[in-house]
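Asks: Contents of model14.pdb (PDB, C-alpha atoms, pLDDT in the B column):
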```
ATOM      1  CA  MET A   1      -6.411   7.348 -38.459  1.00 50.00           C
ATOM      2  CA  SER A   2      -9.351   8.244 -40.686  1.00 46.00           C
ATOM      3  CA  SER A   3     -12.900   9.151 -39.725  1.00 50.00           C
ATOM      4  CA  GLN A   4     -16.280   8.473 -41.236  1.00 47.00           C
ATOM      5  CA  GLN A   5     -19.814   9.362 -40.218  1.00 45.00           C
ATOM      6  CA  GLN A   6     -22.180   6.753 -38.754  1.00 48.00           C
ATOM      7  CA  HIS A   7     -25.660   7.122 -37.352  1.00 42.00           C
ATOM      8  CA  ALA A   8     -26.849   5.025 -34.447  1.00 47.00           C
ATOM      9  CA  PRO A   9     -30.422   3.744 -34.476  1.00 44.00           C
ATOM     10  CA  SER A  10     -31.132   6.092 -31.556  1.00 46.00           C
ATOM     11  CA  SER A  11     -30.226   9.094 -33.782  1.00 54.00           C
ATOM     12  CA  THR A  12     -26.943   9.539 -31.921  1.00 68.00           C
ATOM     13  CA  LYS A  13     -24.403  11.011 -34.313  1.00 75.00           C
ATOM     14  CA  ILE A  14     -21.174   9.060 -34.391  1.00 82.00           C
ATOM     15  CA  THR A  15     -17.860   9.659 -36.084  1.00 83.00           C
ATOM     16  CA  ALA A  16     -16.110   6.310 -36.305  1.00 74.00           C
ATOM     17  CA  VAL A  17     -12.333   6.408 -36.061  1.00 79.00           C
ATOM     18  CA  ILE A  18     -10.707   3.727 -38.155  1.00 70.00           C
ATOM     19  CA  PRO A  19      -7.043   2.796 -37.623  1.00 63.00           C
ATOM     20  CA  THR A  20      -5.017   3.131 -40.804  1.00 50.00           C
ATOM     21  CA  ALA A  21      -1.753   1.501 -41.781  1.00 45.00           C
ATOM     22  CA  GLY A  22       1.179   3.302 -40.204  1.00 49.00           C
ATOM     23  CA  GLY A  23      -0.979   4.891 -37.467  1.00 52.00           C
ATOM     24  CA  GLY A  24       0.073   8.513 -37.908  1.00 58.00           C
ATOM     25  CA  ASN A  25      -0.448  11.335 -35.403  1.00 69.00           C
ATOM     26  CA  THR A  26       0.203   9.106 -32.389  1.00 82.00           C
ATOM     27  CA  ILE A  27      -0.122  10.525 -28.884  1.00 89.00           C
ATOM     28  CA  SER A  28       2.462   9.746 -26.234  1.00 94.00           C
ATOM     29  CA  SER A  29       1.620   7.763 -23.120  1.00 95.00           C
ATOM     30  CA  HIS A  30       2.353  10.841 -21.012  1.00 95.00           C
ATOM     31  CA  GLU A  31      -0.154  12.920 -22.990  1.00 96.00           C
ATOM     32  CA  LEU A  32      -2.786  10.197 -22.749  1.00 97.00           C
ATOM     33  CA  ILE A  33      -2.329   9.902 -18.984  1.00 97.00           C
ATOM     34  CA  ASN A  34      -2.677  13.663 -18.527  1.00 97.00           C
ATOM     35  CA  TRP A  35      -5.749  13.750 -20.748  1.00 97.00           C
ATOM     36  CA  VAL A  36      -7.556  11.017 -18.788  1.00 97.00           C
ATOM     37  CA  ASN A  37      -6.744  12.593 -15.420  1.00 97.00           C
ATOM     38  CA  GLU A  38      -7.764  16.077 -16.551  1.00 96.00           C
ATOM     39  CA  THR A  39     -10.939  14.976 -18.328  1.00 97.00           C
ATOM     40  CA  LEU A  40     -12.186  12.927 -15.373  1.00 96.00           C
ATOM     41  CA  LYS A  41     -10.723  15.279 -12.720  1.00 95.00           C
ATOM     42  CA  ILE A  42      -8.784  12.516 -11.009  1.00 95.00           C
ATOM     43  CA  LYS A  43      -5.182  11.661 -10.163  1.00 91.00           C
ATOM     44  CA  LYS A  44      -5.586   7.912 -10.429  1.00 88.00           C
ATOM     45  CA  VAL A  45      -3.601   7.261 -13.595  1.00 95.00           C
ATOM     46  CA  THR A  46       0.173   7.290 -13.186  1.00 95.00           C
ATOM     47  CA  LYS A  47       1.044   4.800 -15.930  1.00 95.00           C
ATOM     48  CA  ILE A  48      -0.787   3.641 -19.028  1.00 95.00           C
ATOM     49  CA  GLN A  49      -1.360   0.154 -17.570  1.00 94.00           C
ATOM     50  CA  ASP A  50      -3.679   1.721 -14.973  1.00 95.00           C
ATOM     51  CA  LEU A  51      -6.266   1.979 -17.750  1.00 96.00           C
ATOM     52  CA  GLY A  52      -6.349  -1.818 -17.997  1.00 96.00           C
ATOM     53  CA  SER A  53      -9.096  -2.026 -15.368  1.00 96.00           C
ATOM     54  CA  GLY A  54     -11.558  -0.588 -17.901  1.00 97.00           C
ATOM     55  CA  GLU A  55     -13.493   1.537 -15.404  1.00 96.00           C
ATOM     56  CA  LEU A  56     -12.109   4.871 -16.589  1.00 97.00           C
ATOM     57  CA  TYR A  57     -13.155   4.243 -20.177  1.00 98.00           C
ATOM     58  CA  CYS A  58     -16.697   3.608 -18.914  1.00 97.00           C
ATOM     59  CA  LEU A  59     -16.585   7.029 -17.253  1.00 97.00           C
ATOM     60  CA  LEU A  60     -15.089   8.701 -20.328  1.00 98.00           C
ATOM     61  CA  ILE A  61     -17.774   7.416 -22.681  1.00 97.00           C
ATOM     62  CA  ASN A  62     -20.437   8.679 -20.262  1.00 97.00           C
ATOM     63  CA  VAL A  63     -18.777  12.096 -20.254  1.00 97.00           C
ATOM     64  CA  LEU A  64     -18.658  12.119 -24.050  1.00 97.00           C
ATOM     65  CA  PHE A  65     -22.359  11.330 -24.462  1.00 96.00           C
ATOM     66  CA  TYR A  66     -23.518  13.295 -21.407  1.00 95.00           C
ATOM     67  CA  PRO A  67     -26.265  13.487 -20.191  1.00 93.00           C
ATOM     68  CA  ARG A  68     -26.885  10.072 -21.699  1.00 94.00           C
ATOM     69  CA  GLU A  69     -25.744   7.205 -19.495  1.00 95.00           C
ATOM     70  CA  VAL A  70     -24.201   4.894 -22.066  1.00 96.00           C
ATOM     71  CA  VAL A  71     -22.704   2.635 -19.390  1.00 97.00           C
ATOM     72  CA  HIS A  72     -24.877   2.453 -16.283  1.00 96.00           C
ATOM     73  CA  TRP A  73     -22.954   3.664 -13.258  1.00 95.00           C
ATOM     74  CA  LYS A  74     -24.121   0.687 -11.213  1.00 94.00           C
ATOM     75  CA  LYS A  75     -22.468  -1.642 -13.706  1.00 94.00           C
ATOM     76  CA  ILE A  76     -19.014  -0.140 -13.226  1.00 97.00           C
ATOM     77  CA  LYS A  77     -16.650  -1.834 -10.788  1.00 96.00           C
ATOM     78  CA  PHE A  78     -14.774   1.106  -9.263  1.00 95.00           C
ATOM     79  CA  ASN A  79     -11.273   0.768  -7.771  1.00 94.00           C
ATOM     80  CA  SER A  80     -11.301  -2.813  -8.971  1.00 90.00           C
ATOM     81  CA  LYS A  81      -8.365  -5.069  -8.181  1.00 90.00           C
ATOM     82  CA  SER A  82      -9.345  -8.471  -9.540  1.00 94.00           C
ATOM     83  CA  GLU A  83      -9.094  -9.598 -13.141  1.00 95.00           C
ATOM     84  CA  THR A  84     -12.738 -10.693 -12.979  1.00 95.00           C
ATOM     85  CA  ASP A  85     -13.837  -7.127 -12.193  1.00 96.00           C
ATOM     86  CA  HIS A  86     -11.596  -5.751 -14.938  1.00 97.00           C
ATOM     87  CA  ILE A  87     -13.228  -8.050 -17.498  1.00 96.00           C
ATOM     88  CA  TYR A  88     -16.646  -7.011 -16.175  1.00 97.00           C
ATOM     89  CA  ASN A  89     -15.797  -3.341 -16.812  1.00 97.00           C
ATOM     90  CA  TRP A  90     -14.537  -3.990 -20.331  1.00 97.00           C
ATOM     91  CA  ARG A  91     -17.673  -5.928 -21.201  1.00 97.00           C
ATOM     92  CA  ALA A  92     -19.777  -3.093 -19.818  1.00 97.00           C
ATOM     93  CA  LEU A  93     -17.858  -0.727 -22.106  1.00 97.00           C
ATOM     94  CA  GLN A  94     -18.345  -3.062 -25.042  1.00 96.00           C
ATOM     95  CA  ALA A  95     -22.091  -3.092 -24.366  1.00 96.00           C
ATOM     96  CA  GLY A  96     -21.982   0.710 -24.278  1.00 96.00           C
ATOM     97  CA  PHE A  97     -20.285   0.784 -27.680  1.00 96.00           C
ATOM     98  CA  LYS A  98     -23.110  -1.312 -29.104  1.00 95.00           C
ATOM     99  CA  ILE A  99     -25.706   1.084 -27.681  1.00 94.00           C
ATOM    100  CA  VAL A 100     -24.211   3.952 -29.681  1.00 93.00           C
ATOM    101  CA  SER A 101     -23.426   1.700 -32.666  1.00 92.00           C
ATOM    102  CA  VAL A 102     -19.653   1.819 -32.350  1.00 93.00           C
ATOM    103  CA  GLU A 103     -17.938  -1.206 -33.812  1.00 90.00           C
ATOM    104  CA  LYS A 104     -14.684  -1.768 -31.976  1.00 92.00           C
ATOM    105  CA  GLU A 105     -13.058  -5.087 -31.213  1.00 90.00           C
ATOM    106  CA  LEU A 106     -11.573  -5.230 -27.725  1.00 93.00           C
ATOM    107  CA  PRO A 107      -8.599  -7.546 -27.116  1.00 92.00           C
ATOM    108  CA  LEU A 108      -9.820  -8.248 -23.584  1.00 93.00           C
ATOM    109  CA  GLU A 109      -7.125 -10.684 -22.510  1.00 93.00           C
ATOM    110  CA  ARG A 110      -4.281  -8.367 -23.495  1.00 93.00           C
ATOM    111  CA  LEU A 111      -5.959  -5.256 -22.087  1.00 95.00           C
ATOM    112  CA  VAL A 112      -6.757  -6.936 -18.769  1.00 95.00           C
ATOM    113  CA  ALA A 113      -3.221  -8.329 -18.616  1.00 93.00           C
ATOM    114  CA  LYS A 114      -2.197  -4.636 -18.712  1.00 91.00           C
ATOM    115  CA  LYS A 115       0.331  -5.086 -21.482  1.00 89.00           C
ATOM    116  CA  PRO A 116       1.714  -1.589 -22.186  1.00 92.00           C
ATOM    117  CA  SER A 117       1.661  -1.825 -26.000  1.00 92.00           C
ATOM    118  CA  ASP A 118      -1.966  -2.987 -26.182  1.00 94.00           C
ATOM    119  CA  ASN A 119      -3.139  -0.441 -23.635  1.00 95.00           C
ATOM    120  CA  VAL A 120      -1.333   2.368 -25.446  1.00 95.00           C
ATOM    121  CA  GLU A 121      -2.839   1.335 -28.765  1.00 94.00           C
ATOM    122  CA  PHE A 122      -6.382   1.277 -27.377  1.00 96.00           C
ATOM    123  CA  ALA A 123      -5.896   4.529 -25.443  1.00 96.00           C
ATOM    124  CA  GLN A 124      -4.719   6.259 -28.612  1.00 96.00           C
ATOM    125  CA  TRP A 125      -7.745   5.003 -30.513  1.00 96.00           C
ATOM    126  CA  PHE A 126     -10.138   6.060 -27.731  1.00 97.00           C
ATOM    127  CA  PHE A 127      -8.568   9.515 -27.454  1.00 97.00           C
ATOM    128  CA  LYS A 128      -9.055  10.141 -31.189  1.00 95.00           C
ATOM    129  CA  PHE A 129     -12.566   8.714 -31.069  1.00 96.00           C
ATOM    130  CA  TYR A 130     -13.393  11.045 -28.173  1.00 96.00           C
ATOM    131  CA  GLN A 131     -11.937  14.113 -29.894  1.00 95.00           C
ATOM    132  CA  ALA A 132     -13.658  13.324 -33.188  1.00 94.00           C
ATOM    133  CA  ASN A 133     -17.072  12.964 -31.533  1.00 95.00           C
ATOM    134  CA  LYS A 134     -16.888  15.709 -28.915  1.00 94.00           C
ATOM    135  CA  PRO A 135     -18.054  18.468 -31.335  1.00 92.00           C
ATOM    136  CA  LEU A 136     -21.156  16.380 -32.115  1.00 91.00           C
ATOM    137  CA  HIS A 137     -22.099  16.105 -28.450  1.00 92.00           C
ATOM    138  CA  PRO A 138     -21.965  19.509 -26.746  1.00 90.00           C
ATOM    139  CA  GLY A 139     -23.237  17.986 -23.508  1.00 91.00           C
ATOM    140  CA  SER A 140     -19.729  16.650 -22.875  1.00 92.00           C
ATOM    141  CA  SER A 141     -18.490  20.209 -22.309  1.00 92.00           C
ATOM    142  CA  SER A 142     -21.060  20.812 -19.569  1.00 93.00           C
ATOM    143  CA  CYS A 143     -20.393  17.522 -17.764  1.00 95.00           C
ATOM    144  CA  ASP A 144     -18.619  17.767 -14.416  1.00 96.00           C
ATOM    145  CA  PRO A 145     -17.249  14.238 -13.799  1.00 95.00           C
ATOM    146  CA  ALA A 146     -16.331  14.972 -10.174  1.00 95.00           C
ATOM    147  CA  ASN A 147     -19.849  16.227  -9.430  1.00 95.00           C
ATOM    148  CA  GLU A 148     -21.436  13.243 -11.176  1.00 95.00           C
ATOM    149  CA  ARG A 149     -19.402  10.878  -9.012  1.00 95.00           C
ATOM    150  CA  SER A 150     -20.144  12.870  -5.869  1.00 95.00           C
ATOM    151  CA  LYS A 151     -23.906  12.720  -6.500  1.00 94.00           C
ATOM    152  CA  ARG A 152     -23.664   8.931  -6.583  1.00 94.00           C
ATOM    153  CA  GLY A 153     -21.346   8.644  -3.602  1.00 94.00           C
ATOM    154  CA  ILE A 154     -18.517   7.265  -5.733  1.00 93.00           C
ATOM    155  CA  VAL A 155     -14.910   7.852  -4.713  1.00 92.00           C
ATOM    156  CA  ILE A 156     -12.120   6.977  -7.120  1.00 91.00           C
ATOM    157  CA  MET A 157      -9.037   6.154  -5.125  1.00 86.00           C
ATOM    158  CA  ASN A 158      -5.919   7.912  -6.359  1.00 76.00           C
ATOM    159  CA  GLN A 159      -3.016   5.635  -7.159  1.00 55.00           C
ATOM    160  CA  GLY A 160      -0.804   7.206  -4.496  1.00 50.00           C
ATOM    161  CA  VAL A 161      -3.421   6.672  -1.796  1.00 45.00           C
ATOM    162  CA  ALA A 162      -3.950   3.083  -2.882  1.00 45.00           C
ATOM    163  CA  ASN A 163      -0.227   2.403  -2.750  1.00 45.00           C
ATOM    164  CA  ARG A 164       0.076   3.963   0.719  1.00 47.00           C
ATOM    165  CA  ARG A 165      -2.809   1.897   2.046  1.00 47.00           C
ATOM    166  CA  SER A 166      -1.301  -1.240   0.588  1.00 43.00           C
ATOM    167  CA  SER A 167       2.105  -0.437   2.109  1.00 45.00           C
ATOM    168  CA  THR A 168       0.503   0.292   5.484  1.00 48.00           C
ATOM    169  CA  ALA A 169      -1.342  -3.033   5.444  1.00 48.00           C
ATOM    170  CA  VAL A 170       1.839  -4.901   4.532  1.00 47.00           C
ATOM    171  CA  SER A 171       3.734  -3.090   7.291  1.00 51.00           C
ATOM    172  CA  ARG A 172       1.064  -3.948   9.846  1.00 53.00           C
ATOM    173  CA  PHE A 173       1.122  -7.559   8.707  1.00 49.00           C
ATOM    174  CA  SER A 174       4.925  -7.699   9.068  1.00 53.00           C
ATOM    175  CA  ARG A 175       4.808  -6.190  12.562  1.00 54.00           C
ATOM    176  CA  THR A 176       2.034  -8.577  13.604  1.00 49.00           C
ATOM    177  CA  ARG A 177       3.946 -11.547  12.302  1.00 51.00           C
ATOM    178  CA  GLU A 178       7.009 -10.503  14.303  1.00 53.00           C
ATOM    179  CA  HIS A 179       4.949 -10.716  17.486  1.00 54.00           C
ATOM    180  CA  ILE A 180       3.615 -14.170  16.672  1.00 49.00           C
ATOM    181  CA  SER A 181       6.033 -16.786  17.900  1.00 51.00           C
ATOM    182  CA  LEU A 182       5.531 -20.140  16.240  1.00 46.00           C
ATOM    183  CA  PRO A 183       7.575 -23.307  16.263  1.00 48.00           C
ATOM    184  CA  LYS A 184       9.559 -23.800  13.047  1.00 48.00           C
ATOM    185  CA  ARG A 185       7.154 -26.602  12.262  1.00 48.00           C
ATOM    186  CA  ILE A 186       3.559 -26.925  13.448  1.00 46.00           C
ATOM    187  CA  THR A 187       3.665 -30.248  15.246  1.00 49.00           C
ATOM    188  CA  SER A 188       0.512 -32.247  15.799  1.00 51.00           C
ATOM    189  CA  THR A 189      -0.320 -33.931  19.096  1.00 50.00           C
ATOM    190  CA  ARG A 190      -0.122 -37.319  17.415  1.00 53.00           C
ATOM    191  CA  GLU A 191       3.444 -36.625  16.259  1.00 54.00           C
ATOM    192  CA  LEU A 192       4.388 -35.503  19.745  1.00 50.00           C
ATOM    193  CA  PHE A 193       2.906 -38.718  21.140  1.00 50.00           C
ATOM    194  CA  ASN A 194       4.976 -40.734  18.671  1.00 55.00           C
ATOM    195  CA  GLU A 195       8.140 -38.875  19.609  1.00 53.00           C
ATOM    196  CA  THR A 196       7.550 -39.463  23.313  1.00 50.00           C
ATOM    197  CA  SER A 197       6.194 -42.983  22.977  1.00 52.00           C
ATOM    198  CA  SER A 198       9.506 -44.354  24.274  1.00 55.00           C
ATOM    199  CA  ARG A 199       8.809 -42.797  27.642  1.00 60.00           C
ATOM    200  CA  PRO A 200       5.649 -42.555  29.760  1.00 65.00           C
ATOM    201  CA  VAL A 201       3.449 -39.498  29.188  1.00 65.00           C
ATOM    202  CA  SER A 202       1.460 -38.247  32.145  1.00 77.00           C
ATOM    203  CA  PRO A 203      -2.150 -37.049  31.764  1.00 78.00           C
ATOM    204  CA  THR A 204      -1.004 -33.513  32.611  1.00 80.00           C
ATOM    205  CA  THR A 205       1.559 -33.595  29.821  1.00 78.00           C
ATOM    206  CA  ARG A 206      -1.047 -34.859  27.358  1.00 78.00           C
ATOM    207  CA  ILE A 207      -3.365 -31.971  28.250  1.00 83.00           C
ATOM    208  CA  GLN A 208      -0.550 -29.460  27.823  1.00 81.00           C
ATOM    209  CA  MET A 209       0.361 -30.955  24.453  1.00 82.00           C
ATOM    210  CA  GLU A 210      -3.237 -30.774  23.263  1.00 82.00           C
ATOM    211  CA  LYS A 211      -3.472 -27.145  24.368  1.00 82.00           C
ATOM    212  CA  GLN A 212      -0.253 -26.374  22.494  1.00 84.00           C
ATOM    213  CA  GLU A 213      -1.623 -27.955  19.316  1.00 82.00           C
ATOM    214  CA  THR A 214      -4.809 -25.875  19.575  1.00 81.00           C
ATOM    215  CA  LEU A 215      -2.727 -22.736  20.037  1.00 81.00           C
ATOM    216  CA  ASN A 216      -0.535 -23.622  17.050  1.00 79.00           C
ATOM    217  CA  VAL A 217      -3.578 -24.089  14.810  1.00 78.00           C
ATOM    218  CA  GLN A 218      -5.060 -20.762  15.910  1.00 76.00           C
ATOM    219  CA  LEU A 219      -1.807 -18.891  15.299  1.00 78.00           C
ATOM    220  CA  LYS A 220      -1.360 -20.496  11.888  1.00 77.00           C
ATOM    221  CA  LYS A 221      -4.886 -19.461  10.935  1.00 72.00           C
ATOM    222  CA  GLN A 222      -4.117 -15.860  11.943  1.00 71.00           C
ATOM    223  CA  ILE A 223      -1.064 -15.826   9.697  1.00 75.00           C
ATOM    224  CA  ASP A 224      -2.977 -17.370   6.779  1.00 68.00           C
ATOM    225  CA  ASP A 225      -5.775 -14.791   7.146  1.00 62.00           C
ATOM    226  CA  LEU A 226      -3.253 -11.924   7.246  1.00 64.00           C
ATOM    227  CA  GLU A 227      -1.438 -13.217   4.165  1.00 62.00           C
ATOM    228  CA  GLU A 228      -4.733 -13.531   2.290  1.00 57.00           C
ATOM    229  CA  THR A 229      -5.635  -9.945   3.236  1.00 51.00           C
ATOM    230  CA  VAL A 230      -2.298  -8.585   1.999  1.00 49.00           C
ATOM    231  CA  ASN A 231      -2.526 -10.565  -1.262  1.00 50.00           C
ATOM    232  CA  CYS A 232      -5.942  -9.056  -1.979  1.00 48.00           C
ATOM    233  CA  LEU A 233      -4.606  -5.472  -1.797  1.00 48.00           C
TER     234      LEU A 233
END
```
Before we go any further, please render this structure as structure tokens.
Replies:
Amino acid sequence: MSSQQQHAPSSTKITAVIPTAGGGNTISSHELINWVNETLKIKKVTKIQDLGSGELYCLLINVLFYPREVVHWKKIKFNSKSETDHIYNWRALQAGFKIVSVEKELPLERLVAKKPSDNVEFAQWFFKFYQANKPLHPGSSSCDPANERSKRGIVIMNQGVANRRSSTAVSRFSRTREHISLPKRITSTRELFNETSSRPVSPTTRIQMEKQETLNVQLKKQIDDLEETVNCL
């Protein structure tokens, strides 16, 4: 990596970090994970792919340029799960780079896909960019990320907590499904009528069959809703 001085139109001093062939002085994934967690005072990151949501980089750039809000807090999708929200965060970061005149191409698709190699490469670049610019922005040393989040009522869910909640929801879903007794195949009233067309069907039987179909539809909807809830976790 090599560095060169740039000056943003807003008089913000910037040291641009330019990747060089061979990429010397690389930082391990373990070191990068520890740095992010310690800098932001969180325990969210357990593997480098966790950075693929983009939200933590938005927080890091705000810490670096503190008290300037390079990426507006309201534009950050915290604890995001969907790819759409991840892309939103990366674009917010990209807009922040432009504000401070940092030219950095973001391979969005690969970062959002949480490919380890691409996320490691970007994390290494960002770490060196942060370290190179920190001396130019003393406000970063006085920033308390936890306090800044607290003032805005923002809670970053730790990875362990998120996993436990997901496991609990899946467990509840499994237990609920065990208590729901459904026929192997949801049979419609019309099919039942066809099957019994060879013999007379009394009005009482028809009513019972219609009630059973209504019950089957309701139970199936409950299962579908539960599966959708678990898939969203």
Asks: Have a look at A:Ser80, A:Asn147, A:Ser28, A:Ser141 and name the one nearest to Tyr66 (chain A); count all atoms listed in the file.
Replies: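 With all atoms listed in the file as the atom set, the closest residue is A:Ser141.
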Asks: I need the residue nearest Val155 (chain A) from this list: A:Phe97, A:Phe126, A:Phe78, A:Trp90. Use all atoms listed in the file for the distance.
Replies: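 Distance minimum relative to Val155 (chain A) lands on A:Phe78.
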Asks: Which residue, A:Ser140, A:Thr205, A:Leu106, A:Pro67, has the smallest gap to Glu121 (chain A) when you use only C-alpha atoms?
Replies: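 Going through A:Ser140, A:Thr205, A:Leu106, A:Pro67 one by one, the smallest distance to Glu121 (chain A) is for A:Leu106.
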Asks: Counting all atoms listed in the file, figure out which residue out of A:Lys128, A:Lys81, A:Trp73, A:Leu56 gets nearest to Ile42 (chain A).
Replies: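 Closest candidate: A:Leu56.
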Asks: For region 148-159 of chain A, what centre and edge lengths in Å (one decimal) does the axis-aligned box get once 6 Å is added on each side of all its listed atoms, as lines of an AutoDock Vina configuration file?
Replies:
```
center_x = -13.5
center_y = 9.4
center_z = -7.4
size_x = 32.9
size_y = 19.6
size_z = 19.6
```
Asks: With only C-alpha atoms as the counted atoms, please give the residues lying no more than 9 Å from Trp125 (chain A), apart from itself and same-chain residues fewer than 3 positions off, as JSON, numbers by chain.
Replies: {"A": [1, 17, 18, 19, 120, 121, 122, 128, 129, 130]}
